[in-house]
>>> print(open('protein-v1.txt').read())   # compact mmCIF, C-alpha atoms
# COMPACT_ATOMS: atom_id res chain seq x y z
CA ALA L 163 25.93 5.24 -10.68
CA VAL L 164 22.37 4.34 -9.77
CA LYS L 165 21.74 0.80 -8.53
CA GLY L 166 25.02 -0.35 -10.05
CA SER L 167 24.49 1.27 -13.46
CA THR L 168 27.09 3.41 -15.15
CA PHE L 169 26.54 7.10 -15.78
CA ASP L 170 25.94 6.37 -19.49
CA GLU L 171 23.35 3.71 -18.61
CA PHE L 172 21.67 6.20 -16.29
CA LYS L 173 21.57 8.82 -19.08
CA GLN L 174 19.95 6.25 -21.42
CA TRP L 175 17.35 5.46 -18.73
CA LEU L 176 16.55 9.18 -18.46
CA ILE L 177 16.09 9.42 -22.23
CA ARG L 178 13.79 6.35 -22.28
CA SER L 179 11.82 7.76 -19.34
CA ASP L 180 11.36 11.07 -21.12
CA LEU L 181 10.10 9.35 -24.27
CA LEU L 182 7.74 7.17 -22.25
CA SER L 183 6.14 10.23 -20.63
CA GLY L 184 5.03 11.49 -24.05
CA GLU L 185 3.28 8.30 -25.11
CA LYS L 186 -0.52 8.20 -25.13
CA GLY L 187 -1.44 4.49 -25.21
CA LEU L 188 -0.18 1.00 -24.53
CA ILE L 189 3.43 0.33 -25.42
CA ASP L 190 4.60 -3.19 -26.26
CA GLY L 191 1.21 -4.48 -25.11
CA TRP L 192 1.75 -3.78 -21.39
CA LYS L 193 3.74 -0.62 -20.70
CA VAL L 194 1.81 2.62 -20.27
CA PRO L 195 2.78 6.28 -20.48
CA THR L 196 4.75 7.16 -17.36
CA THR L 197 6.11 10.42 -15.99
CA VAL L 198 9.17 10.43 -13.71
CA TYR L 199 9.43 13.02 -10.94
CA TRP L 200 12.51 13.90 -8.87
CA LEU L 201 12.59 15.23 -5.33
CA TYR L 202 15.49 17.59 -4.61
CA VAL L 203 16.37 18.97 -1.20
CA ASP L 204 18.86 21.86 -1.17
CA GLY L 205 19.84 21.04 -4.76
CA TYR L 206 20.51 17.39 -3.94
CA PRO L 207 18.39 14.54 -5.40
CA VAL L 208 16.94 12.50 -2.54
CA GLY L 209 14.33 10.46 -4.40
CA PHE L 210 12.28 9.87 -7.49
CA GLY L 211 8.88 8.50 -8.39
CA LYS L 212 7.06 7.19 -11.42
CA LEU L 213 3.43 8.01 -12.18
CA ARG L 214 1.72 5.72 -14.67
CA HIS L 215 -1.00 7.58 -16.53
CA PHE L 216 -3.42 4.61 -16.47
CA LEU L 217 -3.50 0.97 -15.44
CA THR L 218 -3.57 -2.30 -17.31
CA ASN L 219 -4.87 -5.51 -15.75
CA GLN L 220 -1.27 -6.50 -15.00
CA LEU L 221 -0.48 -3.17 -13.33
CA ARG L 222 -3.55 -3.63 -11.12
CA ILE L 223 -1.86 -6.79 -9.81
CA GLU L 224 1.74 -5.59 -9.67
CA GLY L 225 2.89 -2.02 -10.12
CA GLY L 226 -0.09 0.27 -9.61
CA HIS L 227 -0.07 3.91 -10.66
CA ILE L 228 2.83 5.05 -8.50
CA GLY L 229 6.23 3.72 -7.53
CA TYR L 230 8.89 5.69 -5.70
CA ALA L 231 12.25 5.39 -4.01
CA ILE L 232 14.18 7.53 -1.54
CA ARG L 233 17.97 7.45 -1.37
CA PRO L 234 18.92 5.13 1.54
CA SER L 235 20.92 7.87 3.30
CA GLN L 236 17.85 10.16 3.22
CA ARG L 237 15.20 7.74 4.49
CA ASN L 238 13.19 8.26 7.69
CA LYS L 239 13.14 12.02 7.18
CA GLY L 240 9.62 12.31 5.74
CA TYR L 241 10.73 12.69 2.12
CA GLY L 242 8.71 9.68 0.92
CA THR L 243 5.53 11.21 2.32
CA VAL L 244 6.32 14.55 0.67
CA LEU L 245 7.16 12.94 -2.69
CA LEU L 246 4.01 10.82 -2.74
CA LYS L 247 1.86 13.82 -1.81
CA MET L 248 3.32 15.78 -4.73
CA MET L 249 2.75 12.87 -7.11
CA ILE L 250 -0.89 12.53 -6.00
CA GLU L 251 -1.33 16.21 -6.87
CA GLU L 252 0.22 15.60 -10.30
CA ALA L 253 -2.16 12.64 -10.82
CA ARG L 254 -5.09 14.93 -9.96
CA LYS L 255 -3.88 17.40 -12.61
CA MET L 256 -3.98 14.47 -15.10
CA ASN L 257 -7.63 13.89 -14.14
CA ILE L 258 -6.84 10.65 -12.34
CA ASP L 259 -9.48 10.32 -9.59
CA ARG L 260 -7.55 7.85 -7.43
CA VAL L 261 -4.23 6.07 -7.56
CA LEU L 262 -3.28 2.51 -6.70
CA LEU L 263 -0.06 1.54 -4.93
CA THR L 264 0.91 -2.13 -4.76
CA ILE L 265 3.46 -2.41 -1.98
CA ARG L 266 5.31 -5.53 -0.90
CA ASN L 267 4.26 -6.67 2.57
CA ASN L 268 7.82 -6.42 3.92
CA ASN L 269 8.06 -2.71 3.00
CA ALA L 270 6.51 -1.26 6.16
CA ALA L 271 8.02 2.19 5.52
CA SER L 272 6.32 2.50 2.12
CA ILE L 273 3.02 1.21 3.51
CA ASN L 274 3.22 3.95 6.17
CA VAL L 275 4.01 6.57 3.53
CA ALA L 276 0.85 5.57 1.63
CA LEU L 277 -1.26 5.57 4.80
CA ASN L 278 0.18 8.99 5.76
CA ASN L 279 -1.23 10.24 2.45
CA ASN L 280 -4.77 9.09 3.28
CA GLY L 281 -4.32 5.71 1.67
CA LYS L 282 -6.98 3.07 2.23
CA ILE L 283 -5.93 -0.57 2.24
CA GLU L 284 -8.24 -2.38 -0.17
CA ARG L 285 -6.76 -5.81 0.42
CA VAL L 286 -3.64 -7.66 1.47
CA CYS L 287 -2.49 -10.83 -0.26
CA GLU L 288 0.46 -13.12 0.30
CA GLU L 289 2.91 -10.68 -1.34
CA ARG L 290 1.40 -7.19 -1.39
CA HIS L 291 -0.76 -4.50 0.14
CA TYR L 292 -3.15 -2.86 -2.34
CA ILE L 293 -3.67 0.74 -1.26
CA TRP L 294 -5.88 3.28 -3.02
CA ILE L 295 -5.55 7.03 -2.50
CA ASP L 296 -8.14 9.57 -3.65
CA CYS L 297 -6.68 12.43 -5.63
>>> encode(input="protein-v1.txt", output="structure tokens")
Amino acid sequence: AVKGSTFDEFKQWLIRSDLLSGEKGLIDGWKVPTTVYWLYVDGYPVGFGKLRHFLTNQLRIEGGHIGYAIRPSQRNKGYGTVLLKMMIEEARKMNIDRVLLTIRNNNAASINVALNNNGKIERVCEERHYIWIDC
């Protein structure tokens, strides 16, 4: 199970994610086409990330282009930096010039991952860091 979901719920999430990656425009007025990437090490999934193909006004505030997660047992091994680097390359292939990450202020590890990938902090507000990375 992933985050408390059953295997069947996880399979349904994978199906929805696959369908979402094929969309071309806004969905339900706020969702955008999104591609999910998985990072495997020695055949074992250690993390995944989502790349939104474009931003809405709401995603510029909360969400950004990229979100990612590394399995807790595999953190602090550099996998977040590797995954984000790969996703930036995928964004470049989609002709996205730069990507936005909106990272909660208490997530120092993720802020460091973004900065390790040449991220530039645009601003910091009460809740989040807004970090842009050129592709």
>>> residues_near_point(input="protein-v1.txt", point="(13.9, 9.3, 1.2)", cutoff="6 Å", atoms="all atoms listed in the file", output="list in words")
Val208, Gly209, Ile232, Arg233, Gln236, Arg237, Tyr241 and Gly242 of chain L
>>> closest_residue(input="protein-v1.txt", among="L:His227, L:His215, L:Lys193, L:His291", to="Leu246 in chain L", atoms="all atoms listed in the file")
L:His227
>>> residues_near_point(input="protein-v1.txt", point="(5.1, 0.0, -6.5)", cutoff="7 Å", atoms="only C-alpha atoms", output="list in words")
Gly225, Gly226, Ile228, Gly229, Tyr230, Leu263, Thr264 and Ile265 of chain L
>>> closest_residue(input="protein-v1.txt", among="L:Val261, L:Ile293, L:Ser272, L:Val244", to="Tyr202 in chain L", atoms="only C-alpha atoms")
L:Val244
>>> atom_distance(input="protein-v1.txt", atom1="CA of Thr218 in chain L", atom2="CA of Tyr292 in chain L")
15.0 Å
>>> closest_residue(input="protein-v1.txt", among="L:Val203, L:Val194, L:Ala271, L:Leu217", to="Ala231 in chain L", atoms="all atoms listed in the file")
L:Ala271
>>> closest_residue(input="protein-v1.txt", among="L:Ile283, L:Met248, L:Trp294, L:Gly211", to="Asn267 in chain L", atoms="all atoms listed in the file")
L:Ile283
>>> closest_residue(input="protein-v1.txt", among="L:Ile250, L:Ile258, L:Ile223, L:Val198", to="Asn280 in chain L", atoms="only C-alpha atoms")
L:Ile250
